[in-house]
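Report on the structure given below.
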Amino acid sequence: MNEKELENLLKDEGFSGIFAHTDRPDAYYPDHTHSGVTAHIVLEGEITMRGEGVTKTYKAGERFDVPAGSVHSARIGPSGCRYMIGGK
């Protein structure tokens, strides 16, 4: 799927505020929460998420959703990461 198709998929699922975001290599986001569900689709690079006792690395073409109020952290891969994100 191209980026427009991915954006439309998230819209069809009720997500809004959808945009592509780029993080620098090795960026780190310490434990935090979001008030709503967030969907992330990795477009380039990789991101490692840790939450609820699980750590997993996502690469281009993979998607993960973070439940509302879930405590999680993220580390960006050595080549950076570009991903689409939306919330609801």
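Chain labels run A, B, ... following the order of the structure tokens; each chain numbers its residues from 1, and ligands are numbered from 1 in the order shown.
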
**Request:** Using DSSP on the backbone coordinates, identify all residues within chain A classified as strand (DSSP E); present the result as a VMD selection string.
**Result:** chain A and resid 16 to 23 28 to 32 38 to 51 54 to 59 63 to 66 72 to 87

Same residues, N, CA and C atoms, saved as a compact mmCIF listing (two decimals), in the first residue's frame:
```
# COMPACT_ATOMS: atom_id res chain seq x y z
N SER A 16 -7.86 9.78 13.40
CA SER A 16 -7.77 11.14 12.85
C SER A 16 -6.41 11.73 13.21
N GLY A 17 -6.18 12.97 12.76
CA GLY A 17 -4.90 13.61 13.02
C GLY A 17 -3.74 12.81 12.46
N ILE A 18 -3.95 12.17 11.34
CA ILE A 18 -2.97 11.25 10.76
C ILE A 18 -1.88 12.03 10.04
N PHE A 19 -0.62 11.66 10.34
CA PHE A 19 0.50 12.32 9.69
C PHE A 19 1.71 11.39 9.69
N ALA A 20 2.67 11.68 8.82
CA ALA A 20 3.93 10.93 8.80
C ALA A 20 4.94 11.70 9.64
N HIS A 21 5.64 10.98 10.50
CA HIS A 21 6.61 11.58 11.41
C HIS A 21 7.97 10.91 11.20
N THR A 22 9.04 11.69 11.27
CA THR A 22 10.39 11.15 11.14
C THR A 22 11.16 11.41 12.43
N ASP A 23 11.78 10.36 12.97
CA ASP A 23 12.63 10.47 14.15
C ASP A 23 14.07 10.24 13.77
N TYR A 28 14.98 8.43 21.78
CA TYR A 28 14.35 7.63 22.84
C TYR A 28 13.20 8.41 23.46
N TYR A 29 12.09 7.73 23.63
CA TYR A 29 10.93 8.30 24.30
C TYR A 29 10.70 7.49 25.58
N PRO A 30 10.95 8.09 26.75
CA PRO A 30 10.76 7.34 28.00
C PRO A 30 9.28 7.03 28.24
N ASP A 31 9.02 6.24 29.28
CA ASP A 31 7.65 5.85 29.60
C ASP A 31 6.69 7.04 29.54
N HIS A 32 5.58 6.81 28.83
CA HIS A 32 4.53 7.83 28.71
C HIS A 32 3.23 7.14 28.32
N THR A 38 -3.49 4.96 19.77
CA THR A 38 -2.66 5.46 18.67
C THR A 38 -2.27 4.28 17.77
N ALA A 39 -2.32 4.52 16.47
CA ALA A 39 -1.90 3.53 15.48
C ALA A 39 -0.62 4.03 14.83
N HIS A 40 0.33 3.13 14.63
CA HIS A 40 1.63 3.46 14.04
C HIS A 40 1.91 2.48 12.91
N ILE A 41 2.23 2.99 11.74
CA ILE A 41 2.62 2.15 10.62
C ILE A 41 4.03 2.59 10.21
N VAL A 42 5.00 1.68 10.33
CA VAL A 42 6.39 2.01 10.02
C VAL A 42 6.56 2.08 8.50
N LEU A 43 7.06 3.21 8.03
CA LEU A 43 7.27 3.43 6.59
C LEU A 43 8.73 3.16 6.20
N GLU A 44 9.67 3.55 7.08
CA GLU A 44 11.11 3.36 6.83
C GLU A 44 11.79 3.18 8.18
N GLY A 45 12.85 2.39 8.21
CA GLY A 45 13.62 2.22 9.44
C GLY A 45 12.94 1.27 10.40
N GLU A 46 13.21 1.48 11.70
CA GLU A 46 12.62 0.61 12.71
C GLU A 46 12.45 1.34 14.04
N ILE A 47 11.52 0.82 14.84
CA ILE A 47 11.23 1.37 16.16
C ILE A 47 10.98 0.20 17.10
N THR A 48 11.56 0.27 18.29
CA THR A 48 11.36 -0.76 19.30
C THR A 48 10.46 -0.20 20.38
N MET A 49 9.34 -0.87 20.60
CA MET A 49 8.36 -0.46 21.61
C MET A 49 8.45 -1.39 22.81
N ARG A 50 8.30 -0.80 23.99
CA ARG A 50 8.24 -1.59 25.21
C ARG A 50 7.01 -1.15 25.98
N GLY A 51 6.16 -2.10 26.32
CA GLY A 51 4.97 -1.79 27.09
C GLY A 51 4.35 -3.05 27.63
N VAL A 54 6.34 -6.28 27.47
CA VAL A 54 6.71 -6.82 26.15
C VAL A 54 7.56 -5.80 25.40
N THR A 55 8.64 -6.28 24.80
CA THR A 55 9.48 -5.44 23.94
C THR A 55 9.48 -6.05 22.55
N LYS A 56 9.19 -5.21 21.55
CA LYS A 56 9.14 -5.72 20.17
C LYS A 56 9.63 -4.64 19.22
N THR A 57 10.39 -5.07 18.21
CA THR A 57 10.89 -4.17 17.18
C THR A 57 10.01 -4.30 15.93
N TYR A 58 9.60 -3.14 15.41
CA TYR A 58 8.76 -3.07 14.21
C TYR A 58 9.57 -2.44 13.09
N LYS A 59 9.45 -3.03 11.89
CA LYS A 59 10.19 -2.56 10.72
C LYS A 59 9.22 -2.12 9.64
N ARG A 63 2.76 -2.71 11.53
CA ARG A 63 1.88 -1.79 12.26
C ARG A 63 1.75 -2.25 13.71
N PHE A 64 1.63 -1.26 14.59
CA PHE A 64 1.27 -1.57 15.97
C PHE A 64 0.37 -0.46 16.49
N ASP A 65 -0.53 -0.85 17.37
CA ASP A 65 -1.45 0.08 18.01
C ASP A 65 -1.15 0.09 19.50
N VAL A 66 -1.25 1.25 20.12
CA VAL A 66 -1.02 1.39 21.55
C VAL A 66 -2.36 1.77 22.19
N HIS A 72 4.12 3.05 27.94
CA HIS A 72 5.03 2.48 26.96
C HIS A 72 6.21 3.43 26.72
N SER A 73 7.29 2.86 26.18
CA SER A 73 8.45 3.65 25.78
C SER A 73 8.85 3.20 24.38
N ALA A 74 9.69 4.00 23.73
CA ALA A 74 10.10 3.67 22.36
C ALA A 74 11.55 4.08 22.13
N ARG A 75 12.26 3.25 21.39
CA ARG A 75 13.61 3.57 20.95
C ARG A 75 13.65 3.42 19.44
N ILE A 76 14.16 4.46 18.79
CA ILE A 76 14.28 4.48 17.33
C ILE A 76 15.55 3.74 16.92
N GLY A 77 15.51 3.06 15.80
CA GLY A 77 16.65 2.29 15.32
C GLY A 77 17.82 3.16 14.88
N PRO A 78 18.95 2.52 14.58
CA PRO A 78 20.18 3.25 14.23
C PRO A 78 20.11 4.03 12.91
N SER A 79 19.12 3.74 12.08
CA SER A 79 18.96 4.47 10.81
C SER A 79 17.81 5.47 10.88
N GLY A 80 17.24 5.65 12.06
CA GLY A 80 16.08 6.53 12.20
C GLY A 80 14.81 5.75 11.86
N CYS A 81 13.71 6.46 11.88
CA CYS A 81 12.43 5.83 11.58
C CYS A 81 11.45 6.89 11.08
N ARG A 82 10.71 6.51 10.08
CA ARG A 82 9.63 7.33 9.56
C ARG A 82 8.37 6.49 9.66
N TYR A 83 7.36 7.03 10.28
CA TYR A 83 6.14 6.26 10.48
C TYR A 83 4.90 7.15 10.40
N MET A 84 3.79 6.52 10.04
CA MET A 84 2.50 7.20 10.01
C MET A 84 1.85 6.95 11.35
N ILE A 85 1.23 7.99 11.89
CA ILE A 85 0.58 7.87 13.20
C ILE A 85 -0.77 8.55 13.15
N GLY A 86 -1.71 7.97 13.86
CA GLY A 86 -3.04 8.54 13.97
C GLY A 86 -3.62 8.20 15.34
N GLY A 87 -4.58 8.95 15.79
CA GLY A 87 -5.17 8.69 17.10
C GLY A 87 -6.68 8.68 17.05
```

**Fill in**
In Å and to one decimal, CA of Pro67 (chain A) is distant from CA of Asn8 (chain A) by 20.5 Å

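Picture a line from CA of Thr33 (chain A) to CA of Lys11 (chain A); it runs 21.9 Å.
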
**Prompt:** So which bits of chain A end up helix (DSSP H, G or I) when you DSSP the backbone, as a list in words?
**Reply:** Glu3, Lys4, Glu5, Leu6, Glu7, Asn8, Leu9, Leu10, Lys11 and Asp12 of chain A
